[in-house]
Structures are given as C-alpha cells and as structure tokens.
Amino acid sequence: MPLTGEDRAPYRHQIVDLPPIEPIVIEHRLHQLGCEHCGTLTCSVLPEGVTRRGYGERLSALVALLSGGYRQSHRQVQTLLAALAGIQISTDSINRLRQEMSDALAIPVAQALGYVQQSGVLHSDETSFTQGNGDGANESSKRAWIWVLVTPLVSVFAVWLSRSQAVAKTLMGETYDGIVVSDRYSGYGWLPVTQRQVCWAHLKRDFTRIAERSGVSQAIGEGWLAAEKTLFHLWYQVRDGTLTHDAFRQAVQPIQAEVNRWLQEAASYDIGPQEKTPLAKTVRTCRQILAIEPALWTFVDRVGVEPTNNAAERALRPAVIWRRTSFGAQSQVGSEFVARMLTVVTSLQAQQRDGLDFLTQAIQAERLGHEHPNLRP
C-alpha cells in the first residue's frame with residue numbers, strides 16, 4: 001500500500017571519508033641568459049613572497065605539529081607523509097623544518113610568558129627531563145628540568161638544566177605579585193607565604209605517608225586526613241555553587257584550628273638532628289609545613305585560587321609522555337623545540353584555536369618578515 005505524508009525528522013546515515021590526498025607542487029623556473037656583448041649571465045629571481053625553502057608553510061606547519069603536538073619521531077613523520085600524501089622528505093629536512101618552526105615561535109612564546117607573568121594567579125610545576133649534549137650545551141651531562149606556568153588560557157613551558165630558585169624567579173619574574181599554586185618544593189621559597197597556595201593533593205600524600213607509620217605518627221596522620229576530608233567536602237560545595245565563599249570561610253575556621261593543633265603537637269617532639277626514626281620524619285615534615293602554614297589557606301580567603309595544583313600536573317603529562325617515548329631531547333635547541341611546541345599546543349587547546357593554522361601563520365611570518373601571530377587570548 002503506498003505511503004503518503006512527509007517525514008520531517010528522517011533517519012540520517014552519514015559516511016565520513018577522505019579523498020586521496022595529493023600534494024600541490026608549484027614550480028618556478030628561473031631562466032638565465034648571457035649578454036651578447038659581454039657574456040655576463042643574468043638570472044631571473046623568484047617572485048615576491050616566494051622563499052627558497054623547498055616546502056610550503058602549511059606542510060612545514062604539519063611537520064612541526066606531527067613532531068611536536070603529536071610527539072612523532074622523525075622516521076614516523078617521514079613514513080606518515082609518504083603513506084598519506086606521497087610526499088618524500090628526508091629526516092634531515094624534517095629536522096631543519098623543526099628548527100625553523102622553533103625559531104618562528106620564539107616571539108609568540110616570549111609574549112605568552114609576559115602574559116603569564118602579569119596574571120593574578122598561576123600554577124607552577126616541574127619534572128625531570130633529558131637533554132643530551134648534541135650541540136655542546138650540556139657537556140657535564142646535567143639533569144634537565146621542564147617547567148610549566150599555567151593560567152586558564154595560556155601555559156608556558158621551558159627546559160632548564162636546573163631546578164633552582166633562580167629558574168623560578170626568571171620564569172615568573174622577580175617582581176611577580178600574584179598567587180602561585182605549587183607543591184612544597186623549596187624552589188618557591190623566595191615567594192612570601194601570602195603569595196603562595198600549597199597544593200593540598202601533595203599535602204594529602206604527606207598525610208597518608210605519616211598515617212601509614214605507627215604510634216604517634218599514625219594518630220597525627222589520621223587526624224590530618226580526617227580534617228582534609230571535611231575541608232574538601234565543603235570545597236566541592238563551593239565549586240558546585242551550593243555554598244557561598246563567605247559561608248565556606250566561616251566553616252573552615254575550626255578545620256584550620258584542628259590542622260594547626262596537629263602541626264603544633266607533631267613539631268613539639270624533641271628529636272636529634274640525625275635521627276631517622278618514623279617519628280623523626282613526621283616531626284621534620286610537620287615543622288616544614290608549619291613554617292608555611294598560611295600558604296595552606298590562601299584559597300579560603302582569595303576567590304579564584306584553587307587548593308590543588310592539578311592544572312599544572314595535567315599540563316605536564318604530555319611532557320612526561322614525550323620524555324618516555326623519545327628519551328627527551330638530544331640538544332638545547334631540541335629542548336627549545338619541545339618547550340615551544342608544548343606552549344603553543346597547550347595554550348591553543350585552552351583557547352579552542354586551530355593549531356595548524358597558527359603554526360602556518362608563524363612560519364609565514366618568519367619567512368616573509370610579517371608580524372608574528374599572538375598566543376595571548
């Protein structure tokens with residue numbers, strides 16, 4: 001029986017596919033002729049805007065994105081381009097394009113660092129990295145460290161052969177007057193405690209280790225963990241909007257007093273300078289925390305400050321994966337490429353901007369002397 005009427009919401013079945021990808025090859029032929037009188041040879045020149053690079057800006061950007069954003073090796077990039085688009089490129093050319101992109105990103109990354117240094121709150125963390133001596137910049141085979149400064153829309157990475165306070169000052173700026181969320185590492189000790197928020201995720205790990213010891217340490221650790229659980233039960237209500245920050249501030253006061261009591265009790269035990277008992281470890285940890293105790297509670301008084309450093313730890317995960325899969329970098333310029341690409345990719349993702357377009361614009365600016373694209377939102 002024939003059907004009539006109109007289906008205004010038909011079932012839709014779509015098939016997504018890719019057409020064969022063929023590279024665009026633009027050939028310029030520069031003719032050379034000799035003067036019939038003196039024999040001088042004169043050759044034509046490339047049109048304005050055409051560089052002597054053998055690879056266009058978008059292909060160069062793709063090589064950098066595959067190598068940096070997706071952490072593919074030189075050989076993997078070479079194989080992928082050949083299989084996907086029939087492009088034959090040597091690993092030496094890939095390395096040159098990586099270096100060219102790194103140079104092109106120097107200005108945008110410097111601008112991004114300036115933006116971060118002006119932010120009111122930033123998260124900071126660092127993890128070990130490997131930098132070889134391929135260019136003679138690490139003759140003593142020092143351990144490298146990759147640092148990250150994170151704000152909601154811009155993150156900046158940097159590789160240094162040091163984990164010192166001097167590096168932290170250089171990255172943040174010695175006159176930085178905002179709030180830094182970090183762990184208890186002494187490299188941030190130059191900051192006033194009023195400008196710090198110590199990560200409670202790291203504190204919880206400290207409390208858990210103490211609670212796993214016996215005797216007095218166990219009681220202290222369990223007391224802290226109970227206080228931490230209550231604190232974050234309240235914080236989650238602030239985060240989901242069911243508790244005002246003013247009410248939260250009032251509710252936290254007895255928790256602060258409880259944590260301080262546990263810290264004071266643990267710090268009061270008399271231990272020898274060389275003592276290595278479980279209690280001695282607990283006492284030293286408590287004394288260290290007590291010295292920066294105001295930095296535990298910055299988020300209670302300052303709206304917009306998080307109690308954990310999860311933002312920086314998440315940002316560092318791609319760097320950790322890069323280190324594991326490629327064993328770091330073989331030179332200082334390689335480390336610069338890693339840091340600059342992580343800066344660009346992470347920041348653009350946060351801003352929901354297209355990475356390939358940005359890298360294409362960056363390489364065009366470098367080759368043609370145009371204004372560089374900006375990573376600042």
# chains A, B, ... in the order shown; residues from 1 in each chain; ligands from 1
>>> residues_around(residues="Arg75 (chain A)", least_positions_apart="6", cutoff="10 Å", atoms="only C-alpha atoms", output="MDAnalysis selection string")
chainID A and resid 67 89:91 94
>>> write_last_selection(atoms="C-alpha atoms", output="PDB file, in the first residue's frame")
ATOM      1  CA  SER A  67      56.597  16.016  15.513  1.00  0.00           C
ATOM      2  CA  ILE A  89      61.029  14.041   2.683  1.00  0.00           C
ATOM      3  CA  SER A  90      64.309  13.227   4.393  1.00  0.00           C
ATOM      4  CA  THR A  91      64.766  13.116   8.150  1.00  0.00           C
ATOM      5  CA  ILE A  94      62.298  17.266   8.967  1.00  0.00           C
TER       6      ILE A  94
END
>>> residues_around(residues="region 286-303 of chain A", least_positions_apart="5", cutoff="6 Å", atoms="only C-alpha atoms", output="tab-separated table (two decimals) with C-alpha atoms, in the first residue's frame")
chain	number	residue	atom	x	y	z
A	193	VAL	CA	53.78	32.85	52.10
A	196	ARG	CA	51.57	31.04	47.82
A	197	GLN	CA	48.95	28.31	47.82
A	198	VAL	CA	50.42	24.94	48.72
A	249	ARG	CA	35.32	30.77	55.04
A	263	LEU	CA	51.07	20.52	63.37
A	267	ALA	CA	56.51	19.82	65.81
>>> residues_around(residues="Val45 (chain A)", least_positions_apart="3", cutoff="10 Å", atoms="only C-alpha atoms", output="list in words")
His28, Arg29, Leu30, His31, Gln32, Thr42, Glu48 and Val50 of chain A
>>> write_last_selection(atoms="C-alpha atoms", output="CSV table (one decimal), in the first residue's frame")
chain,number,residue,atom,x,y,z
A,28,HIS,CA,59.1,28.3,-10.6
A,29,ARG,CA,61.6,28.3,-13.5
A,30,LEU,CA,64.3,30.9,-13.3
A,31,HIS,CA,65.8,31.4,-16.8
A,32,GLN,CA,69.4,32.6,-17.2
A,42,THR,CA,71.8,37.2,-15.7
A,48,GLU,CA,58.0,38.4,-4.2
A,50,VAL,CA,58.3,33.1,-2.6
>>> residues_around(residues="Phe327 (chain A)", least_positions_apart="4", cutoff="9 Å", atoms="only C-alpha atoms", output="list in words")
Phe129, Thr130, Gln131, Trp322 and Arg323 of chain A
>>> select_by_dssp(residues="region 140-192 of chain A", states="strand (DSSP E or B)", output="compact mmCIF listing (two decimals) with C-alpha atoms, in the first residue's frame")
# COMPACT_ATOMS: atom_id res chain seq x y z
CA ALA A 144 67.34 18.87 32.75
CA TRP A 145 64.01 20.02 34.13
CA ILE A 146 60.92 21.02 32.23
CA TRP A 147 58.98 23.77 33.99
CA VAL A 148 55.42 24.89 33.33
CA LEU A 149 53.48 28.00 34.31
CA VAL A 150 49.74 27.57 33.85
CA SER A 155 50.57 27.87 29.59
CA VAL A 156 54.30 28.35 29.14
CA PHE A 157 56.89 25.55 29.19
CA ALA A 158 60.66 25.90 29.49
CA VAL A 159 63.54 23.43 29.77
CA TRP A 160 66.43 24.34 32.08
CA ILE A 179 49.45 34.00 43.79
CA VAL A 180 51.48 30.90 42.89
CA VAL A 181 49.92 27.47 43.36
CA SER A 182 52.63 24.82 43.75
